[in-house]
file protein_4.pdb (PDB, C-alpha atoms and all ligand atoms)
ATOM      1  CA  LYS H 243      -2.994  -3.585  -9.489  1.00  0.00           C
ATOM      2  CA  ARG H 244      -3.361   0.099  -8.577  1.00  0.00           C
ATOM      3  CA  VAL H 245      -0.746   1.997  -6.598  1.00  0.00           C
ATOM      4  CA  VAL H 246      -1.155   5.426  -5.016  1.00  0.00           C
ATOM      5  CA  ILE H 247       1.984   7.174  -3.749  1.00  0.00           C
ATOM      6  CA  PHE H 248       2.209   9.825  -1.014  1.00  0.00           C
ATOM      7  CA  ALA H 249       5.344  12.008  -1.057  1.00  0.00           C
ATOM      8  CA  SER H 250       6.460  15.253   0.543  1.00  0.00           C
ATOM      9  CA  GLY H 251       9.709  16.243  -1.077  1.00  0.00           C
ATOM     10  CA  SER H 252      11.996  15.487  -3.949  1.00  0.00           C
ATOM     11  CA  GLY H 253      10.126  12.349  -5.019  1.00  0.00           C
ATOM     12  CA  SER H 254      13.062  10.334  -6.349  1.00  0.00           C
ATOM     13  CA  ASN H 255      11.477   7.194  -4.912  1.00  0.00           C
ATOM     14  CA  ALA H 256       8.105   8.070  -6.431  1.00  0.00           C
ATOM     15  CA  GLU H 257       9.746   8.669  -9.810  1.00  0.00           C
ATOM     16  CA  ASN H 258      11.683   5.426  -9.554  1.00  0.00           C
ATOM     17  CA  LEU H 259       8.478   3.479  -8.839  1.00  0.00           C
ATOM     18  CA  ILE H 260       6.580   5.198 -11.651  1.00  0.00           C
ATOM     19  CA  LYS H 261       9.345   4.390 -14.136  1.00  0.00           C
ATOM     20  CA  PHE H 262       9.718   0.824 -12.902  1.00  0.00           C
ATOM     21  CA  PHE H 263       6.009   0.099 -13.453  1.00  0.00           C
ATOM     22  CA  HIS H 264       5.664   2.073 -16.693  1.00  0.00           C
ATOM     23  CA  ASN H 265       4.114  -0.228 -19.342  1.00  0.00           C
ATOM     24  CA  ASN H 266       3.760  -2.951 -16.712  1.00  0.00           C
ATOM     25  CA  ASP H 267       0.612  -4.999 -17.433  1.00  0.00           C
ATOM     26  CA  ASN H 268       0.053  -5.959 -13.802  1.00  0.00           C
ATOM     27  CA  VAL H 269       0.912  -2.880 -11.729  1.00  0.00           C
ATOM     28  CA  SER H 270       0.394   0.817 -12.392  1.00  0.00           C
ATOM     29  CA  VAL H 271       0.951   3.945 -10.340  1.00  0.00           C
ATOM     30  CA  ILE H 272      -2.329   5.801 -10.823  1.00  0.00           C
ATOM     31  CA  GLN H 273      -1.943   8.812  -8.534  1.00  0.00           C
ATOM     32  CA  VAL H 274       0.587  10.753  -6.518  1.00  0.00           C
ATOM     33  CA  LEU H 275      -0.523  12.846  -3.544  1.00  0.00           C
ATOM     34  CA  THR H 276       1.610  15.334  -1.647  1.00  0.00           C
ATOM     35  CA  ASN H 277       1.213  17.563   1.387  1.00  0.00           C
ATOM     36  CA  ASN H 278       3.623  20.095  -0.088  1.00  0.00           C
ATOM     37  CA  PRO H 279       2.409  22.277  -2.989  1.00  0.00           C
ATOM     38  CA  HIS H 280       6.039  23.106  -3.794  1.00  0.00           C
ATOM     39  CA  ALA H 281       7.257  19.513  -3.730  1.00  0.00           C
ATOM     40  CA  LYS H 282       9.568  18.671  -6.613  1.00  0.00           C
ATOM     41  CA  VAL H 283       7.630  15.438  -6.982  1.00  0.00           C
ATOM     42  CA  LEU H 284       4.841  17.442  -8.652  1.00  0.00           C
ATOM     43  CA  ASP H 285       7.212  18.466 -11.468  1.00  0.00           C
ATOM     44  CA  ARG H 286       8.421  14.899 -11.823  1.00  0.00           C
ATOM     45  CA  CYS H 287       4.814  13.662 -12.179  1.00  0.00           C
ATOM     46  CA  LYS H 288       4.031  16.307 -14.787  1.00  0.00           C
ATOM     47  CA  LYS H 289       6.979  15.119 -16.889  1.00  0.00           C
ATOM     48  CA  LEU H 290       5.925  11.493 -16.395  1.00  0.00           C
ATOM     49  CA  ASN H 291       2.257  12.246 -17.114  1.00  0.00           C
ATOM     50  CA  ILE H 292       1.078  10.864 -13.758  1.00  0.00           C
ATOM     51  CA  SER H 293      -1.862  12.510 -12.002  1.00  0.00           C
ATOM     52  CA  ALA H 294      -0.617  14.394  -8.944  1.00  0.00           C
ATOM     53  CA  LEU H 295      -2.208  16.763  -6.482  1.00  0.00           C
ATOM     54  CA  SER H 296      -1.325  18.488  -3.245  1.00  0.00           C
ATOM     55  CA  PHE H 297      -3.449  18.792  -0.142  1.00  0.00           C
ATOM     56  CA  ASN H 298      -3.286  20.697   3.149  1.00  0.00           C
ATOM     57  CA  ARG H 299      -3.452  19.350   6.680  1.00  0.00           C
ATOM     58  CA  VAL H 300      -7.198  19.889   7.046  1.00  0.00           C
ATOM     59  CA  ALA H 301      -7.896  17.942   3.850  1.00  0.00           C
ATOM     60  CA  PHE H 302      -5.631  15.146   5.050  1.00  0.00           C
ATOM     61  CA  SER H 303      -6.127  14.722   8.743  1.00  0.00           C
ATOM     62  CA  LYS H 304      -9.367  16.522   9.603  1.00  0.00           C
ATOM     63  CA  SER H 305     -11.740  15.977   6.685  1.00  0.00           C
ATOM     64  CA  GLU H 306     -12.659  12.992   4.520  1.00  0.00           C
ATOM     65  CA  ASP H 307     -11.336  14.679   1.336  1.00  0.00           C
ATOM     66  CA  ILE H 308      -8.285  12.449   0.873  1.00  0.00           C
ATOM     67  CA  LEU H 309     -10.127   9.383   2.114  1.00  0.00           C
ATOM     68  CA  ASN H 310     -12.821  10.028  -0.507  1.00  0.00           C
ATOM     69  CA  ILE H 311     -10.186  10.311  -3.265  1.00  0.00           C
ATOM     70  CA  LEU H 312      -8.733   6.993  -2.128  1.00  0.00           C
ATOM     71  CA  LYS H 313     -12.188   5.387  -2.053  1.00  0.00           C
ATOM     72  CA  ILE H 314     -12.600   6.400  -5.693  1.00  0.00           C
ATOM     73  CA  GLN H 315      -9.067   5.387  -6.755  1.00  0.00           C
ATOM     74  CA  LYS H 316      -9.388   2.012  -4.944  1.00  0.00           C
ATOM     75  CA  PRO H 317      -5.625   1.419  -4.573  1.00  0.00           C
ATOM     76  CA  ASP H 318      -4.367  -2.110  -3.995  1.00  0.00           C
ATOM     77  CA  LEU H 319      -1.368  -0.529  -2.275  1.00  0.00           C
ATOM     78  CA  ILE H 320      -0.680   2.900  -0.781  1.00  0.00           C
ATOM     79  CA  VAL H 321       3.028   3.710  -0.772  1.00  0.00           C
ATOM     80  CA  LEU H 322       4.543   6.410   1.438  1.00  0.00           C
ATOM     81  CA  ALA H 323       7.734   7.487  -0.291  1.00  0.00           C
ATOM     82  CA  GLY H 324       9.220  10.305   1.721  1.00  0.00           C
ATOM     83  CA  PHE H 325       5.912  11.358   3.221  1.00  0.00           C
ATOM     84  CA  LEU H 326       6.474  13.309   6.405  1.00  0.00           C
ATOM     85  CA  TRP H 327       3.074  13.335   8.075  1.00  0.00           C
ATOM     86  CA  LYS H 328       1.660  10.615  10.295  1.00  0.00           C
ATOM     87  CA  PHE H 329      -1.021   8.655   8.436  1.00  0.00           C
ATOM     88  CA  PRO H 330      -4.337   9.132  10.279  1.00  0.00           C
ATOM     89  CA  LYS H 331      -6.081   6.130  11.738  1.00  0.00           C
ATOM     90  CA  PHE H 332      -9.388   6.938  10.016  1.00  0.00           C
ATOM     91  CA  ILE H 333      -7.695   6.479   6.625  1.00  0.00           C
ATOM     92  CA  LEU H 334      -5.570   3.499   7.703  1.00  0.00           C
ATOM     93  CA  ASN H 335      -8.684   1.685   8.894  1.00  0.00           C
ATOM     94  CA  HIS H 336     -10.062   1.679   5.340  1.00  0.00           C
ATOM     95  CA  PHE H 337      -6.873   0.103   3.950  1.00  0.00           C
ATOM     96  CA  PRO H 338      -5.751  -2.592   6.393  1.00  0.00           C
ATOM     97  CA  ASN H 339      -2.291  -3.958   5.511  1.00  0.00           C
ATOM     98  CA  LYS H 340      -2.260  -1.853   2.367  1.00  0.00           C
ATOM     99  CA  VAL H 341      -0.156   1.100   3.453  1.00  0.00           C
ATOM    100  CA  ILE H 342       3.646   0.770   3.403  1.00  0.00           C
ATOM    101  CA  ASN H 343       6.518   3.158   4.083  1.00  0.00           C
ATOM    102  CA  ILE H 344      10.219   3.281   3.362  1.00  0.00           C
ATOM    103  CA  HIS H 345      12.568   4.518   6.060  1.00  0.00           C
ATOM    104  CA  PRO H 346      16.262   5.314   5.428  1.00  0.00           C
ATOM    105  CA  ALA H 347      17.602   3.416   8.451  1.00  0.00           C
ATOM    106  CA  LEU H 348      17.482  -0.015  10.095  1.00  0.00           C
ATOM    107  CA  LEU H 349      14.318   0.250  12.231  1.00  0.00           C
ATOM    108  CA  PRO H 350      13.550   0.026  15.072  1.00  0.00           C
ATOM    109  CA  LYS H 351      16.742   2.108  15.504  1.00  0.00           C
ATOM    110  CA  TYR H 352      16.769   5.691  14.186  1.00  0.00           C
ATOM    111  CA  GLY H 353      13.026   5.928  13.647  1.00  0.00           C
ATOM    112  CA  GLY H 354      10.215   8.061  14.962  1.00  0.00           C
ATOM    113  CA  LYS H 355       9.012  11.637  14.604  1.00  0.00           C
ATOM    114  CA  GLY H 356      11.731  13.956  13.387  1.00  0.00           C
ATOM    115  CA  MET H 357      13.990  11.135  12.195  1.00  0.00           C
ATOM    116  CA  TYR H 358      13.925  11.817   8.467  1.00  0.00           C
ATOM    117  CA  GLY H 359      16.278  12.975   5.726  1.00  0.00           C
ATOM    118  CA  MET H 360      19.762  13.995   6.846  1.00  0.00           C
ATOM    119  CA  HIS H 361      18.764  13.910  10.539  1.00  0.00           C
ATOM    120  CA  VAL H 362      18.850  10.123  10.319  1.00  0.00           C
ATOM    121  CA  HIS H 363      22.275   9.919   8.659  1.00  0.00           C
ATOM    122  CA  GLU H 364      23.764  12.525  10.992  1.00  0.00           C
ATOM    123  CA  ALA H 365      22.607  10.493  14.003  1.00  0.00           C
ATOM    124  CA  VAL H 366      23.958   7.245  12.536  1.00  0.00           C
ATOM    125  CA  VAL H 367      27.386   8.805  11.860  1.00  0.00           C
ATOM    126  CA  ALA H 368      27.430  10.616  15.216  1.00  0.00           C
ATOM    127  CA  ASN H 369      26.855   7.288  16.965  1.00  0.00           C
ATOM    128  CA  GLY H 370      29.678   5.630  15.072  1.00  0.00           C
ATOM    129  CA  GLU H 371      27.439   2.964  13.543  1.00  0.00           C
ATOM    130  CA  LYS H 372      29.269   0.471  11.317  1.00  0.00           C
ATOM    131  CA  GLU H 373      26.194  -0.105   9.151  1.00  0.00           C
ATOM    132  CA  SER H 374      22.899   1.451   8.162  1.00  0.00           C
ATOM    133  CA  GLY H 375      20.301   0.535   5.576  1.00  0.00           C
ATOM    134  CA  ILE H 376      16.675   0.781   4.491  1.00  0.00           C
ATOM    135  CA  THR H 377      13.497  -0.528   6.070  1.00  0.00           C
ATOM    136  CA  ILE H 378      10.220  -1.072   4.234  1.00  0.00           C
ATOM    137  CA  HIS H 379       7.355  -1.638   6.651  1.00  0.00           C
ATOM    138  CA  TYR H 380       3.603  -1.584   7.045  1.00  0.00           C
ATOM    139  CA  VAL H 381       2.284   1.699   8.397  1.00  0.00           C
ATOM    140  CA  ASN H 382       0.332   1.869  11.635  1.00  0.00           C
ATOM    141  CA  GLU H 383      -0.821   4.869  13.642  1.00  0.00           C
ATOM    142  CA  ASN H 384       2.653   5.564  15.016  1.00  0.00           C
ATOM    143  CA  TYR H 385       5.700   6.778  13.103  1.00  0.00           C
ATOM    144  CA  ASP H 386       7.913   3.968  11.770  1.00  0.00           C
ATOM    145  CA  GLU H 387       6.432   1.232  13.975  1.00  0.00           C
ATOM    146  CA  GLY H 388       4.506  -1.140  11.700  1.00  0.00           C
ATOM    147  CA  ALA H 389       5.552  -4.706  10.848  1.00  0.00           C
ATOM    148  CA  ILE H 390       8.823  -4.836   8.904  1.00  0.00           C
ATOM    149  CA  ILE H 391       8.552  -6.230   5.356  1.00  0.00           C
ATOM    150  CA  PHE H 392      12.130  -5.821   4.067  1.00  0.00           C
ATOM    151  CA  GLN H 393      15.526  -4.535   5.192  1.00  0.00           C
ATOM    152  CA  GLU H 394      18.845  -4.227   3.366  1.00  0.00           C
ATOM    153  CA  LYS H 395      22.106  -3.028   4.914  1.00  0.00           C
ATOM    154  CA  CYS H 396      25.059  -0.979   3.761  1.00  0.00           C
ATOM    155  CA  GLU H 397      28.451  -0.642   5.408  1.00  0.00           C
ATOM    156  CA  ILE H 398      29.489   2.665   6.959  1.00  0.00           C
ATOM    157  CA  LEU H 399      33.201   3.506   6.828  1.00  0.00           C
ATOM    158  CA  ALA H 400      34.803   5.600   9.566  1.00  0.00           C
ATOM    159  CA  SER H 401      35.539   8.190   6.879  1.00  0.00           C
ATOM    160  CA  ASP H 402      31.894   8.380   5.726  1.00  0.00           C
ATOM    161  CA  THR H 403      30.069  11.671   6.131  1.00  0.00           C
ATOM    162  CA  PRO H 404      26.286  11.802   6.597  1.00  0.00           C
ATOM    163  CA  GLN H 405      26.102  12.701   2.887  1.00  0.00           C
ATOM    164  CA  ASP H 406      28.103   9.585   2.009  1.00  0.00           C
ATOM    165  CA  VAL H 407      25.627   7.519   4.026  1.00  0.00           C
ATOM    166  CA  ALA H 408      22.687   9.292   2.380  1.00  0.00           C
ATOM    167  CA  SER H 409      23.930   8.352  -1.082  1.00  0.00           C
ATOM    168  CA  LYS H 410      24.539   4.722  -0.099  1.00  0.00           C
ATOM    169  CA  ILE H 411      21.013   4.589   1.329  1.00  0.00           C
ATOM    170  CA  HIS H 412      19.590   6.252  -1.777  1.00  0.00           C
ATOM    171  CA  ASP H 413      21.210   3.603  -3.971  1.00  0.00           C
ATOM    172  CA  LEU H 414      19.572   0.864  -1.861  1.00  0.00           C
ATOM    173  CA  GLU H 415      16.186   2.583  -2.142  1.00  0.00           C
ATOM    174  CA  MET H 416      16.430   2.872  -5.921  1.00  0.00           C
ATOM    175  CA  LYS H 417      17.484  -0.741  -6.209  1.00  0.00           C
ATOM    176  CA  TYR H 418      15.068  -2.474  -3.816  1.00  0.00           C
ATOM    177  CA  PHE H 419      11.886  -0.426  -3.300  1.00  0.00           C
ATOM    178  CA  PRO H 420      10.278  -1.227  -6.696  1.00  0.00           C
ATOM    179  CA  LYS H 421      11.099  -4.937  -6.332  1.00  0.00           C
ATOM    180  CA  VAL H 422       9.556  -5.100  -2.857  1.00  0.00           C
ATOM    181  CA  VAL H 423       6.410  -3.264  -4.048  1.00  0.00           C
ATOM    182  CA  ASN H 424       6.200  -5.686  -6.977  1.00  0.00           C
ATOM    183  CA  ASP H 425       6.549  -8.714  -4.670  1.00  0.00           C
ATOM    184  CA  ILE H 426       3.845  -7.418  -2.306  1.00  0.00           C
ATOM    185  CA  LEU H 427       1.424  -6.947  -5.215  1.00  0.00           C
ATOM    186  CA  ASN H 428       2.204 -10.275  -6.827  1.00  0.00           C
ATOM    187  CA  ASP H 429       1.872 -12.397  -3.703  1.00  0.00           C
TER
HETATM  188  C1  LIG H 501      13.937   8.710   1.396  1.00  0.00           C
HETATM  189  O1  LIG H 501      15.191   8.670   2.035  1.00  0.00           O
HETATM  190  C2  LIG H 501      12.990   7.819   2.132  1.00  0.00           C
HETATM  191  O2  LIG H 501      13.598   6.689   2.712  1.00  0.00           O
HETATM  192  C3  LIG H 501      12.483   8.723   3.224  1.00  0.00           C
HETATM  193  O3  LIG H 501      12.403  10.017   2.669  1.00  0.00           O
HETATM  194  C4  LIG H 501      13.289  10.084   1.548  1.00  0.00           C
HETATM  195  C5  LIG H 501      12.454  10.443   0.350  1.00  0.00           C
HETATM  196  O4  LIG H 501      13.278  10.818  -0.682  1.00  0.00           O
HETATM  197  N1  LIG H 501      11.201   8.280   3.677  1.00  0.00           N
HETATM  198  P1  LIG H 501      12.559  11.164  -2.096  1.00  0.00           P
HETATM  199  O5  LIG H 501      11.574  12.294  -1.838  1.00  0.00           O
HETATM  200  O6  LIG H 501      11.885   9.918  -2.583  1.00  0.00           O
HETATM  201  O7  LIG H 501      13.689  11.593  -2.996  1.00  0.00           O
END

call {"tool": "encode", "arguments": {"input": "protein_4.pdb", "output": "structure tokens"}}
result
Amino acid sequence: KRVVIFASGSGSNAENLIKFFHNNDNVSVIQVLTNNPHAKVLDRCKKLNISALSFNRVAFSKSEDILNILKIQKPDLIVLAGFLWKFPKFILNHFPNKVINIHPALLPKYGGKGMYGMHVHEAVVANGEKESGITIHYVNENYDEGAIIFQEKCEILASDTPQDVASKIHDLEMKYFPKVVNDILND
């Protein structure tokens, strides 16, 4: 099974997935794509010897460039791991039920455009939430709205800062994302 990952930033989830499936007979991460030429994920891929390339907005949302790469790579699953752009319908339509995303909160709360990174954890703390968590869901043409595949919660203490929440969420992502991807591909 072939996995393509889209990322925009640090790429700790991408790296975690690549390592998890390294030497796996059934699943392999064959390509990482990013919209950010300075994304740290590019360095991580170089070290891990995974093909990675960056693209601009025209290549992604206006032209068929990225769609054509995906048509050649023929992924069984497209994984958005910290990818900040909305996935265009013309690409989604070629990969029905094959594009998933991970969101660092318990959707449908704390989702949508602009709700990413620390913004999410700041909002959760500001609202005095007693719990947060991760959501893995199918991607549709709107931010963070596709069918939910998996959620896992973590407790938030009154003393927790947004950074404390971010690290609890990160631990959940590292622990569960590869297992959920593996389950989807082995169904
Ligand atoms: C993660 O919190 C993920 O849930 C969200 O963006 C962040 C990506 O982090 N979509 P990284 O780039 O994988 O380190």

call {"tool": "residues_near_ligand", "arguments": {"input": "protein_4.pdb", "ligand": "ligand LIG 501 (chain H)", "cutoff": "10 Å", "atoms": "only C-alpha atoms and all ligand atoms", "output": "PyMOL selection string"}}
result
chain H and resi 248-259+281-283+322-326+343-347+357-360+362-363+375-378+386+408-409+411-416+419

call {"tool": "resolve_selection", "arguments": {"input": "protein_4.pdb", "expression": "the PyMOL selection byres (((chain H and resi 381) around 9) and not hetatm)", "output": "PyMOL selection string"}}
result
chain H and resi 322+329+334+339-343+379-380+382-389

call {"tool": "closest_residue", "arguments": {"input": "protein_4.pdb", "among": "H:Asn278, H:Arg244, H:Ile314, H:Asp307", "to": "Asn266 (chain H)", "atoms": "all atoms listed in the file"}}
result
H:Arg244

call {"tool": "resolve_selection", "arguments": {"input": "protein_4.pdb", "expression": "the PyMOL selection byres (((chain H and resi 296) around 8) and not hetatm)", "output": "list in words"}}
result
Leu275, Thr276, Asn277, Asn278, Pro279, Ala294, Leu295, Phe297 and Asn298 of chain H

call {"tool": "atom_distance", "arguments": {"input": "protein_4.pdb", "atom1": "CA of Glu373 (chain H)", "atom2": "CA of Val423 (chain H)"}}
result
24.0 Å

call {"tool": "resolve_selection", "arguments": {"input": "protein_4.pdb", "expression": "the PyMOL selection byres (((chain H and resi 371) around 12) and not hetatm)", "output": "JSON, numbers by chain"}}
result
{"H": [347, 348, 351, 352, 362, 363, 364, 365, 366, 367, 368, 369, 370, 372, 373, 374, 375, 395, 396, 397, 398, 399, 400, 401, 402, 403, 404, 407]}

call {"tool": "atom_distance", "arguments": {"input": "protein_4.pdb", "atom1": "CA of Lys313 (chain H)", "atom2": "CA of Lys261 (chain H)"}}
result
24.7 Å

call {"tool": "atom_distance", "arguments": {"input": "protein_4.pdb", "atom1": "CA of Pro420 (chain H)", "atom2": "CA of Asp285 (chain H)"}}
result
20.5 Å

call {"tool": "decode", "arguments": {"input": "protein_4.pdb", "residues": "region 386-401 of chain H", "atoms": "N, CA, C and O atoms", "output": "compact mmCIF listing (two decimals), in the first residue's frame"}}
result
# COMPACT_ATOMS: atom_id res chain seq x y z
N ASP H 386 -11.72 20.65 8.06
CA ASP H 386 -12.05 19.91 9.29
C ASP H 386 -13.49 19.43 9.38
O ASP H 386 -14.04 19.30 10.47
N GLU H 387 -14.12 19.13 8.26
CA GLU H 387 -15.55 18.75 8.31
C GLU H 387 -15.84 17.33 7.87
O GLU H 387 -16.98 16.89 7.93
N GLY H 388 -14.89 16.59 7.37
CA GLY H 388 -15.22 15.25 6.85
C GLY H 388 -15.56 14.27 7.96
O GLY H 388 -15.41 14.58 9.15
N ALA H 389 -16.02 13.08 7.55
CA ALA H 389 -16.43 12.05 8.52
C ALA H 389 -15.28 11.70 9.47
O ALA H 389 -14.14 11.52 9.04
N ILE H 390 -15.62 11.61 10.76
CA ILE H 390 -14.59 11.31 11.77
C ILE H 390 -14.26 9.82 11.77
O ILE H 390 -15.15 8.98 11.73
N ILE H 391 -12.99 9.50 11.77
CA ILE H 391 -12.50 8.11 11.77
C ILE H 391 -12.11 7.70 13.19
O ILE H 391 -12.39 6.60 13.64
N PHE H 392 -11.43 8.59 13.92
CA PHE H 392 -10.86 8.24 15.22
C PHE H 392 -10.72 9.49 16.08
O PHE H 392 -10.39 10.57 15.57
N GLN H 393 -11.00 9.34 17.38
CA GLN H 393 -10.72 10.42 18.33
C GLN H 393 -10.15 9.82 19.61
O GLN H 393 -10.48 8.69 19.98
N GLU H 394 -9.24 10.54 20.25
CA GLU H 394 -8.72 10.11 21.55
C GLU H 394 -8.58 11.37 22.41
O GLU H 394 -8.17 12.43 21.90
N LYS H 395 -8.95 11.27 23.68
CA LYS H 395 -8.98 12.45 24.53
C LYS H 395 -7.79 12.51 25.47
O LYS H 395 -7.14 11.50 25.74
N CYS H 396 -7.54 13.71 25.97
CA CYS H 396 -6.59 13.88 27.08
C CYS H 396 -7.21 14.88 28.05
O CYS H 396 -7.99 15.76 27.66
N GLU H 397 -6.86 14.73 29.31
CA GLU H 397 -7.41 15.60 30.35
C GLU H 397 -6.65 16.93 30.35
O GLU H 397 -5.44 16.95 30.07
N ILE H 398 -7.37 18.01 30.62
CA ILE H 398 -6.71 19.31 30.77
C ILE H 398 -6.85 19.74 32.23
O ILE H 398 -7.97 19.80 32.76
N LEU H 399 -5.72 20.01 32.86
CA LEU H 399 -5.75 20.47 34.27
C LEU H 399 -5.90 21.98 34.28
O LEU H 399 -5.48 22.67 33.35
N ALA H 400 -6.46 22.50 35.35
CA ALA H 400 -6.65 23.96 35.46
C ALA H 400 -5.30 24.68 35.35
O ALA H 400 -5.22 25.80 34.85
N SER H 401 -4.25 23.98 35.76
CA SER H 401 -2.91 24.61 35.73
C SER H 401 -2.24 24.50 34.35
O SER H 401 -1.17 25.06 34.15
